[in-house]
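Source file query_15.txt; content: compact mmCIF, C-alpha atoms.
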# COMPACT_ATOMS: atom_id res chain seq x y z
CA MET A 12 157.34 105.10 97.37
CA LYS A 13 153.64 105.88 97.29
CA ARG A 14 151.12 103.06 97.14
CA ARG A 15 149.88 104.05 93.64
CA GLU A 16 153.46 104.18 92.30
CA PHE A 17 154.23 100.79 93.83
CA ILE A 18 151.15 99.23 92.25
CA SER A 19 152.01 100.77 88.87
CA LEU A 20 155.62 99.56 89.02
CA THR A 21 154.60 96.08 90.15
CA ALA A 22 151.96 95.80 87.42
CA THR A 23 154.45 96.93 84.75
CA SER A 24 157.02 94.38 85.88
CA ALA A 25 154.43 91.62 85.98
CA LEU A 26 153.14 92.68 82.55
CA LEU A 27 156.54 92.37 80.90
CA SER A 28 157.23 89.03 82.55
CA SER A 29 153.83 87.61 81.66
CA VAL A 30 153.90 88.89 78.08
CA GLU A 31 157.32 87.45 77.41
CA THR A 32 156.53 84.08 78.99
CA LEU A 33 153.30 83.53 77.09
CA ALA A 34 154.52 85.12 73.85
CA GLN A 35 157.65 83.00 73.71
CA GLU A 36 155.63 79.79 73.79
CA LYS A 37 154.13 80.48 70.32
CA PRO A 38 152.48 77.04 70.29
CA LEU A 39 150.68 77.22 66.94
CA LEU A 40 152.97 78.77 64.37
CA SER A 41 154.29 75.62 62.68
CA ASN A 42 151.27 75.06 60.44
CA VAL A 43 149.75 78.40 59.46
CA ASP A 44 148.02 78.97 56.13
CA SER A 45 149.30 82.15 54.49
CA LYS A 46 145.74 83.51 54.21
CA PHE A 47 145.27 83.60 57.98
CA GLN A 48 144.62 87.04 59.45
CA LEU A 49 144.16 88.16 63.05
CA LYS A 50 141.96 91.18 63.66
CA ILE A 51 141.91 92.53 67.22
CA MET A 52 139.07 94.83 68.20
CA ALA A 53 138.65 97.45 70.93
CA THR A 54 135.55 97.85 73.09
CA ASN A 55 133.95 101.21 73.83
CA TRP A 56 132.41 99.70 76.98
CA GLY A 57 133.47 102.05 79.75
CA TRP A 58 134.74 104.78 77.42
CA SER A 59 133.50 108.17 78.63
CA GLY A 60 134.66 110.39 75.77
CA SER A 61 133.36 110.92 72.26
CA LEU A 62 133.16 108.18 69.64
CA ASP A 63 135.73 109.98 67.50
CA ALA A 64 138.14 110.16 70.45
CA PHE A 65 137.59 106.47 71.16
CA CYS A 66 138.36 105.52 67.57
CA ALA A 67 141.45 107.74 67.59
CA ALA A 68 142.70 106.06 70.78
CA ALA A 69 142.01 102.56 69.44
CA LYS A 70 143.90 103.32 66.24
CA LYS A 71 146.83 104.83 68.13
CA GLU A 72 147.17 101.69 70.29
CA GLY A 73 147.26 99.49 67.20
CA TYR A 74 143.80 97.93 67.16
CA ASP A 75 142.39 96.79 63.82
CA GLY A 76 138.85 97.85 64.61
CA ILE A 77 136.15 98.28 67.22
CA GLU A 78 133.12 96.39 68.46
CA MET A 79 130.06 98.30 69.64
CA TRP A 80 126.28 98.13 69.74
CA TRP A 81 124.55 98.74 66.43
CA PRO A 82 123.19 102.30 66.68
CA ASN A 83 119.48 102.53 65.90
CA GLU A 84 119.37 106.26 65.22
CA ALA A 85 120.43 107.57 61.80
CA LYS A 86 122.49 110.41 63.31
CA ASP A 87 124.43 107.93 65.46
CA GLN A 88 125.04 105.70 62.45
CA LYS A 89 126.38 108.66 60.50
CA GLU A 90 128.71 109.55 63.36
CA LEU A 91 129.97 105.97 63.57
CA PHE A 92 130.60 105.57 59.85
CA ALA A 93 132.45 108.89 59.74
CA ALA A 94 134.73 107.91 62.65
CA LEU A 95 135.47 104.49 61.13
CA GLU A 96 136.44 106.05 57.80
CA LYS A 97 138.47 108.84 59.40
CA HIS A 98 140.53 106.43 61.51
CA ASP A 99 140.57 103.51 59.05
CA LEU A 100 139.05 100.97 61.43
CA GLU A 101 137.05 97.78 60.94
CA ILE A 102 133.78 97.19 62.81
CA GLY A 103 131.98 94.35 64.52
CA TYR A 104 128.36 95.11 65.42
CA LEU A 105 126.69 93.95 68.61
CA CYS A 106 122.95 93.26 68.40
CA GLY A 107 120.43 92.19 71.01
CA SER A 108 117.44 93.10 73.11
CA GLY A 109 116.72 93.20 76.82
CA HIS A 110 112.96 92.75 76.71
CA LYS A 111 111.53 90.00 78.93
CA ASP A 112 108.78 89.04 76.47
CA PRO A 113 110.15 86.48 73.95
CA ALA A 114 108.12 87.76 71.00
CA ILE A 115 109.01 91.42 71.56
CA ASN A 116 112.64 90.53 72.22
CA LEU A 117 112.82 88.55 68.97
CA GLU A 118 111.18 91.34 66.98
CA SER A 119 113.67 93.89 68.29
CA PHE A 120 116.54 91.48 67.71
CA LYS A 121 115.52 90.85 64.10
CA LYS A 122 115.21 94.56 63.43
CA ALA A 123 118.75 95.21 64.63
CA ILE A 124 120.22 92.20 62.79
CA ASN A 125 118.48 93.14 59.55
CA ALA A 126 119.61 96.76 59.74
CA ALA A 127 123.22 95.97 60.66
CA SER A 128 123.58 93.29 57.98
CA THR A 129 122.00 95.15 55.05
CA GLN A 130 123.31 98.73 55.43
CA SER A 131 125.86 99.58 52.77
CA ALA A 132 127.97 102.18 54.59
CA LYS A 133 130.32 99.77 56.39
CA LYS A 134 130.18 95.98 56.12
CA PRO A 135 131.09 94.42 59.47
CA LEU A 136 133.68 91.72 59.98
CA TYR A 137 131.00 89.96 62.05
CA ILE A 138 127.86 90.51 64.07
CA ASN A 139 127.91 89.43 67.70
CA CYS A 140 124.56 88.57 69.29
CA HIS A 141 123.27 89.00 72.82
CA SER A 142 120.52 86.54 72.05
CA GLY A 143 117.29 86.29 73.99
CA LYS A 144 117.14 85.59 77.70
CA ASP A 145 118.34 82.67 79.80
CA PHE A 146 114.76 81.80 80.84
CA PHE A 147 113.40 81.48 77.29
CA THR A 148 112.45 77.94 76.25
CA TYR A 149 114.49 76.05 73.67
CA GLU A 150 111.78 76.59 71.06
CA GLN A 151 111.68 80.34 71.74
CA SER A 152 115.46 80.58 71.68
CA LYS A 153 115.85 78.59 68.47
CA LEU A 154 114.00 81.33 66.58
CA PHE A 155 116.95 83.66 67.21
CA ILE A 156 119.37 81.11 65.76
CA ASP A 157 117.15 80.40 62.78
CA HIS A 158 116.99 84.09 61.87
CA THR A 159 120.75 84.60 62.08
CA THR A 160 121.41 81.42 60.09
CA GLU A 161 119.12 82.66 57.32
CA THR A 162 120.55 86.19 57.41
CA SER A 163 124.15 84.97 57.35
CA ALA A 164 123.44 82.80 54.32
CA LYS A 165 121.93 85.79 52.48
CA THR A 166 124.56 88.37 53.36
CA GLY A 167 127.76 86.37 53.82
CA ILE A 168 128.31 88.01 57.20
CA LYS A 169 129.36 85.84 60.13
CA ILE A 170 126.73 86.12 62.85
CA CYS A 171 127.64 84.60 66.21
CA HIS A 172 125.73 84.00 69.45
CA GLU A 173 127.68 84.93 72.56
CA THR A 174 128.19 82.60 75.51
CA HIS A 175 126.98 85.26 77.89
CA ARG A 176 125.25 85.13 81.27
CA GLY A 177 121.59 86.07 81.07
CA ARG A 178 121.37 85.01 77.40
CA ILE A 179 120.39 81.78 75.69
CA MET A 180 123.99 80.43 75.74
CA PHE A 181 124.51 81.26 79.40
CA ALA A 182 125.77 77.83 80.48
CA ALA A 183 127.88 75.11 78.89
CA HIS A 184 125.32 72.32 79.11
CA ILE A 185 122.58 74.58 77.72
CA ALA A 186 124.79 75.63 74.80
CA ARG A 187 125.57 71.99 74.10
CA ASN A 188 121.92 71.28 73.39
CA PHE A 189 121.87 74.12 70.84
CA ILE A 190 125.15 72.93 69.30
CA GLU A 191 123.90 69.39 68.87
CA LYS A 192 120.60 70.44 67.29
CA ASN A 193 121.72 73.40 65.15
CA PRO A 194 124.60 72.52 62.80
CA ALA A 195 124.88 76.06 61.38
CA LEU A 196 125.20 77.69 64.82
CA HIS A 197 128.27 79.90 65.29
CA LEU A 198 129.48 81.14 68.66
CA THR A 199 131.22 84.12 70.12
CA LEU A 200 133.21 82.52 72.92
CA ASP A 201 133.33 84.51 76.12
CA ILE A 202 134.12 81.54 78.29
CA SER A 203 134.66 83.75 81.34
CA HIS A 204 130.89 83.65 81.82
CA TRP A 205 130.80 79.85 81.94
CA CYS A 206 133.61 79.80 84.51
CA ASN A 207 131.45 82.04 86.67
CA VAL A 208 128.18 80.16 86.08
CA HIS A 209 129.68 76.75 86.81
CA GLU A 210 132.06 77.94 89.55
CA SER A 211 134.92 76.11 87.90
CA LEU A 212 137.45 76.20 85.11
CA LEU A 213 135.16 73.66 83.44
CA GLU A 214 137.38 70.65 84.14
CA ASP A 215 134.30 68.44 84.44
CA GLN A 216 132.79 69.62 81.14
CA ALA A 217 135.77 69.17 78.83
CA GLU A 218 133.77 67.34 76.16
CA THR A 219 131.13 70.07 76.01
CA VAL A 220 133.76 72.82 75.89
CA SER A 221 135.53 70.98 73.07
CA MET A 222 132.29 70.86 71.09
CA ALA A 223 131.80 74.59 71.62
CA LEU A 224 135.34 75.44 70.52
CA GLU A 225 134.63 73.88 67.12
CA ARG A 226 131.80 76.41 66.56
CA VAL A 227 133.67 79.55 67.61
CA GLU A 228 134.10 82.30 65.00
CA HIS A 229 134.81 85.22 67.33
CA LEU A 230 136.46 85.53 70.75
CA HIS A 231 136.00 87.87 73.67
CA ALA A 232 139.36 87.86 75.41
CA ARG A 233 138.46 88.38 79.04
CA ILE A 234 139.76 86.18 81.86
CA GLY A 235 137.07 84.90 84.20
CA HIS A 236 137.38 82.75 87.30
CA GLN A 237 135.32 80.48 89.50
CA GLU A 238 133.61 83.34 91.33
CA GLY A 239 133.41 86.06 88.72
CA PRO A 240 133.52 86.90 85.00
CA GLN A 241 136.65 89.06 85.29
CA VAL A 242 139.85 88.76 87.30
CA ASN A 243 140.96 92.03 88.85
CA ASP A 244 144.15 92.16 86.77
CA PRO A 245 145.37 89.34 84.46
CA ARG A 246 148.95 90.54 84.94
CA ALA A 247 148.90 89.62 88.63
CA PRO A 248 150.83 86.40 89.40
CA GLU A 249 148.01 84.87 91.44
CA TRP A 250 145.95 84.48 88.23
CA GLU A 251 148.67 82.70 86.23
CA SER A 252 146.95 79.30 86.12
CA THR A 253 143.60 80.90 85.28
CA VAL A 254 145.11 82.93 82.44
CA LYS A 255 146.80 79.82 81.06
CA ALA A 256 143.51 77.91 81.17
CA HIS A 257 141.86 80.56 79.00
CA PHE A 258 144.74 80.62 76.55
CA ALA A 259 144.56 76.84 76.27
CA TRP A 260 140.94 77.20 75.10
CA TRP A 261 141.76 80.08 72.77
CA ASP A 262 144.74 78.19 71.33
CA LYS A 263 142.43 75.47 70.05
CA VAL A 264 140.25 77.98 68.24
CA LEU A 265 143.25 79.80 66.74
CA GLU A 266 144.85 76.53 65.64
CA ARG A 267 141.73 75.65 63.64
CA LYS A 268 141.50 79.10 62.07
CA MET A 269 145.23 79.21 61.27
CA LYS A 270 145.19 75.86 59.52
CA ALA A 271 142.10 76.85 57.53
CA GLY A 272 143.59 80.20 56.50
CA GLU A 273 140.59 82.08 57.85
CA THR A 274 140.35 85.48 59.52
CA MET A 275 140.09 85.36 63.31
CA THR A 276 138.53 88.26 65.19
CA ILE A 277 139.15 88.87 68.89
CA LEU A 278 137.74 91.58 71.14
CA THR A 279 139.74 92.57 74.21
CA GLU A 280 136.84 93.02 76.62
CA PHE A 281 137.93 93.66 80.16
CA GLY A 282 135.13 95.89 81.43
CA PRO A 283 134.79 98.91 83.71
CA PRO A 284 133.39 98.86 87.26
CA ASN A 285 131.59 96.88 88.47
CA TYR A 286 133.09 94.19 86.27
CA LEU A 287 136.40 95.70 87.31
CA PRO A 288 136.57 95.42 91.12
CA THR A 289 136.80 98.60 93.15
CA LEU A 290 137.92 99.57 96.62
CA PRO A 291 135.12 99.92 99.18
CA TYR A 292 133.70 103.36 99.93
CA THR A 293 135.88 105.23 97.42
CA GLN A 294 134.90 102.94 94.53
CA GLN A 295 138.36 103.48 93.08
CA PRO A 296 139.13 100.81 90.42
CA VAL A 297 141.89 98.45 91.48
CA ALA A 298 143.39 98.48 87.97
CA ASP A 299 143.31 100.43 84.70
CA GLN A 300 140.73 98.98 82.30
CA TRP A 301 142.21 100.54 79.16
CA ALA A 302 145.76 99.45 80.04
CA ILE A 303 144.61 95.88 80.67
CA ASN A 304 142.86 95.67 77.32
CA VAL A 305 145.91 97.07 75.51
CA TYR A 306 148.04 94.52 77.37
CA MET A 307 145.76 91.74 76.18
CA MET A 308 145.91 93.02 72.60
CA GLN A 309 149.71 93.05 72.64
CA LEU A 310 149.87 89.60 74.20
CA LEU A 311 147.50 88.12 71.63
CA ARG A 312 149.51 89.56 68.76
CA LYS A 313 152.80 88.26 70.13
CA ARG A 314 151.37 84.80 70.76
CA TYR A 315 149.48 84.25 67.54
CA LEU A 316 151.41 86.13 64.85
CA ARG A 317 154.84 85.38 63.38

Show the structure stored in the file as structure tokens.
Amino acid sequence: MKRREFISLTATSALLSSVETLAQEKPLLSNVDSKFQLKIMATNWGWSGSLDAFCAAAKKEGYDGIEMWWPNEAKDQKELFAALEKHDLEIGYLCGSGHKDPAINLESFKKAINAASTQSAKKPLYINCHSGKDFFTYEQSKLFIDHTTETSAKTGIKICHETHRGRIMFAAHIARNFIEKNPALHLTLDISHWCNVHESLLEDQAETVSMALERVEHLHARIGHQEGPQVNDPRAPEWESTVKAHFAWWDKVLERKMKAGETMTILTEFGPPNYLPTLPYTQQPVADQWAINVYMMQLLRKRYLR
């Protein structure tokens, strides 16, 4: 048997075993409000084909929608709206800026938020924010939160700030300060970043993590570890305890949303190289990004739906 065939067979076997084990637990289904809905989104991060082809693939796999950066150009917006309508998909917009100057970054951020939240072609399920920079002061960073709080109140759209490295919520203890001082703050939880930043599964920051979980409106379902924001393959048995740690956090968010009868959105966001490790010299990915994300989507559905 060739090495590639062996890896494929092993991964498939591990996938089925892992899916069945985690799916059979179904820890939260005893107290679910009938209005609860789970919407699972696909990422175009790493997709090399056309937007229409991406949407077609996402629909075929069974995703409810997609998450992607808000397109600034009118022609790109038109292309996006056409693909969403053609393939009957929901959308979550991603907004942010990479500029190092706080004032310019904020101006660009506001422009994207305002455009994405007020266009009438396709109302998003949510807007996810890559907010500011990790070196901005609290006062500079709060301006991003203030704008999204005001915009959300006006439009009724959930706007969430992602717990992302390099951004204002890059670390657990930093996010806690924002949580304590901003009662209307909503989070997109990508806790893989915090595992990486703190080189732990956050055992020593349980109180802070618990506070954050109460503010989560959207999840990015990627598995991080102590030395990186993405395990090489969540189906591999060596990551079992790490996968279970992430699901324990996600369970708490889903339990709250289920009991409240609210819609929960989750993006499967395992990324391409160099998030996805590669072999040296050849730079061949050690796993299939698309297959991993589909695996995560199927696992989430089996775990959290009746």

Contact residues around range 73-87 of chain A with all atoms listed in the file at 8 Å, ignoring same-chain residues under 6 positions, as an NGL selection string:
:A and (50-56 or 66 or 100-106 or 123 or 127 or 278 or 308)

Output for the residues just chosen: C-alpha atoms as a short mmCIF file (atom, residue, chain, number, x, y, z; two decimals), in the frame of the given file:
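Saved file again-v2.cif follows:
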data_model
loop_
_atom_site.label_atom_id
_atom_site.label_comp_id
_atom_site.auth_asym_id
_atom_site.auth_seq_id
_atom_site.Cartn_x
_atom_site.Cartn_y
_atom_site.Cartn_z
CA LYS A 50 141.96 91.18 63.66
CA ILE A 51 141.91 92.53 67.22
CA MET A 52 139.07 94.83 68.20
CA ALA A 53 138.65 97.45 70.93
CA THR A 54 135.55 97.85 73.09
CA ASN A 55 133.95 101.21 73.83
CA TRP A 56 132.41 99.70 76.98
CA CYS A 66 138.36 105.52 67.57
CA LEU A 100 139.05 100.97 61.43
CA GLU A 101 137.05 97.78 60.94
CA ILE A 102 133.78 97.19 62.81
CA GLY A 103 131.98 94.35 64.52
CA TYR A 104 128.36 95.11 65.42
CA LEU A 105 126.69 93.95 68.61
CA CYS A 106 122.95 93.26 68.40
CA ALA A 123 118.75 95.21 64.63
CA ALA A 127 123.22 95.97 60.66
CA LEU A 278 137.74 91.58 71.14
CA MET A 308 145.91 93.02 72.60
#

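Across the model, the gap from CA of Lys70 in chain A to CA of Thr174 in chain A is 27.6 Å.
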
CA of Leu265 in chain A to CA of His231 in chain A, distance in Å rounded to a single decimal
12.9 Å

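Among the candidates A:Phe281, A:Phe189, A:Thr293, A:Phe120, the residue lying nearest to His158 in chain A is A:Phe120 (atoms considered: all atoms listed in the file).
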
Axis-aligned box for range 170-174 of chain A, 5 Å per side, centre and edges in Å as lines of an AutoDock Vina configuration file:
center_x = 127.0
center_y = 84.4
center_z = 69.2
size_x = 12.5
size_y = 13.5
size_z = 22.7

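Using all atoms listed in the file, the shortest contact distance between Ala183 in chain A and any of A:Ile138, A:Leu91, A:Ala259, A:Leu198 is found at A:Leu198.
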
Can you pull out every residue within 10 Å of His184 in chain A, counting all atoms listed in the file, but drop anything in the same chain fewer than 3 positions away, and send it as an mmCIF file with C-alpha atoms, in the frame of the given file?
data_model
loop_
_atom_site.group_PDB
_atom_site.id
_atom_site.type_symbol
_atom_site.label_atom_id
_atom_site.label_comp_id
_atom_site.auth_asym_id
_atom_site.auth_seq_id
_atom_site.Cartn_x
_atom_site.Cartn_y
_atom_site.Cartn_z
ATOM 1 C CA MET A 180 123.990 80.430 75.740
ATOM 2 C CA PHE A 181 124.510 81.260 79.400
ATOM 3 C CA ARG A 187 125.570 71.990 74.100
ATOM 4 C CA ASN A 188 121.920 71.280 73.390
ATOM 5 C CA PHE A 189 121.870 74.120 70.840
ATOM 6 C CA ILE A 190 125.150 72.930 69.300
ATOM 7 C CA TRP A 205 130.800 79.850 81.940
ATOM 8 C CA HIS A 209 129.680 76.750 86.810
ATOM 9 C CA GLN A 216 132.790 69.620 81.140
ATOM 10 C CA THR A 219 131.130 70.070 76.010
ATOM 11 C CA VAL A 220 133.760 72.820 75.890
#

Restricting to all atoms listed in the file, whichever of A:Gln48, A:Asn42, A:Ser61, A:Thr289 is closest to Leu316 in chain A is A:Gln48

With 10 Å as the threshold, what does the neighbourhood of (147.6, 80.6, 72.9) contain in terms of residues, counting only C-alpha atoms? Coordinates are those of the file; answer as a VMD selection string.
chain A and resid 33 to 34 36 to 39 255 to 266 310 to 311 313 to 315

Go ahead and save the residues from that selection, with C-alpha atoms, as a PDB file, in the coordinates of the input.
ATOM      1  CA  LEU A  33     153.300  83.530  77.090  1.00  0.00           C
ATOM      2  CA  ALA A  34     154.520  85.120  73.850  1.00  0.00           C
ATOM      3  CA  GLU A  36     155.630  79.790  73.790  1.00  0.00           C
ATOM      4  CA  LYS A  37     154.130  80.480  70.320  1.00  0.00           C
ATOM      5  CA  PRO A  38     152.480  77.040  70.290  1.00  0.00           C
ATOM      6  CA  LEU A  39     150.680  77.220  66.940  1.00  0.00           C
ATOM      7  CA  LYS A 255     146.800  79.820  81.060  1.00  0.00           C
ATOM      8  CA  ALA A 256     143.510  77.910  81.170  1.00  0.00           C
ATOM      9  CA  HIS A 257     141.860  80.560  79.000  1.00  0.00           C
ATOM     10  CA  PHE A 258     144.740  80.620  76.550  1.00  0.00           C
ATOM     11  CA  ALA A 259     144.560  76.840  76.270  1.00  0.00           C
ATOM     12  CA  TRP A 260     140.940  77.200  75.100  1.00  0.00           C
ATOM     13  CA  TRP A 261     141.760  80.080  72.770  1.00  0.00           C
ATOM     14  CA  ASP A 262     144.740  78.190  71.330  1.00  0.00           C
ATOM     15  CA  LYS A 263     142.430  75.470  70.050  1.00  0.00           C
ATOM     16  CA  VAL A 264     140.250  77.980  68.240  1.00  0.00           C
ATOM     17  CA  LEU A 265     143.250  79.800  66.740  1.00  0.00           C
ATOM     18  CA  GLU A 266     144.850  76.530  65.640  1.00  0.00           C
ATOM     19  CA  LEU A 310     149.870  89.600  74.200  1.00  0.00           C
ATOM     20  CA  LEU A 311     147.500  88.120  71.630  1.00  0.00           C
ATOM     21  CA  LYS A 313     152.800  88.260  70.130  1.00  0.00           C
ATOM     22  CA  ARG A 314     151.370  84.800  70.760  1.00  0.00           C
ATOM     23  CA  TYR A 315     149.480  84.250  67.540  1.00  0.00           C
TER      24      TYR A 315
END

What gap, in Å, lies between CA of Tyr149 in chain A and CA of Leu117 in chain A?
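Result for CA of Tyr149 in chain A versus CA of Leu117 in chain A: 13.5 Å, one decimal.
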
Find the residues around Phe155 in chain A up to 8 Å (only C-alpha atoms counted), leave out those fewer than 2 positions away in its own chain, and share them as a PyMOL selection string.
chain A and resi 117+120-121+142-143+151-153+157-159

Can you write just those residues out, C-alpha atoms, as an mmCIF file, in the frame of the given file?
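What follows is the written file again_32.cif:
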data_model
loop_
_atom_site.group_PDB
_atom_site.id
_atom_site.type_symbol
_atom_site.label_atom_id
_atom_site.label_comp_id
_atom_site.auth_asym_id
_atom_site.auth_seq_id
_atom_site.Cartn_x
_atom_site.Cartn_y
_atom_site.Cartn_z
ATOM 1 C CA LEU A 117 112.820 88.550 68.970
ATOM 2 C CA PHE A 120 116.540 91.480 67.710
ATOM 3 C CA LYS A 121 115.520 90.850 64.100
ATOM 4 C CA SER A 142 120.520 86.540 72.050
ATOM 5 C CA GLY A 143 117.290 86.290 73.990
ATOM 6 C CA GLN A 151 111.680 80.340 71.740
ATOM 7 C CA SER A 152 115.460 80.580 71.680
ATOM 8 C CA LYS A 153 115.850 78.590 68.470
ATOM 9 C CA ASP A 157 117.150 80.400 62.780
ATOM 10 C CA HIS A 158 116.990 84.090 61.870
ATOM 11 C CA THR A 159 120.750 84.600 62.080
#

Calculated over only C-alpha atoms, which of the candidates A:Glu251, A:Glu90, A:Glu161, A:Asp112 has the smallest distance to Ala64 in chain A?
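For Ala64 in chain A, the nearest of the given residues is A:Glu90.
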
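Between Ala182 in chain A and the candidates A:Ile168, A:Leu213, A:Val242, A:Val43, the tightest atom-to-atom separation, counting only C-alpha atoms, involves A:Leu213.
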
So that I can see what lies close to Asp145 in chain A, please list as a compact mmCIF listing (two decimals) with C-alpha atoms, keeping the file's coordinate frame the residues with an atom at most 7 Å from it, counting only C-alpha atoms and leaving out residues fewer than 6 positions away in the same chain.
# COMPACT_ATOMS: atom_id res chain seq x y z
CA GLY A 177 121.59 86.07 81.07
CA ARG A 178 121.37 85.01 77.40
CA ILE A 179 120.39 81.78 75.69
CA PHE A 181 124.51 81.26 79.40

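Each of A:Val254, A:Ile170, A:Ile185, A:Leu212 was compared to His197 in chain A using only C-alpha atoms, and A:Ile170 turns out to be the nearest.
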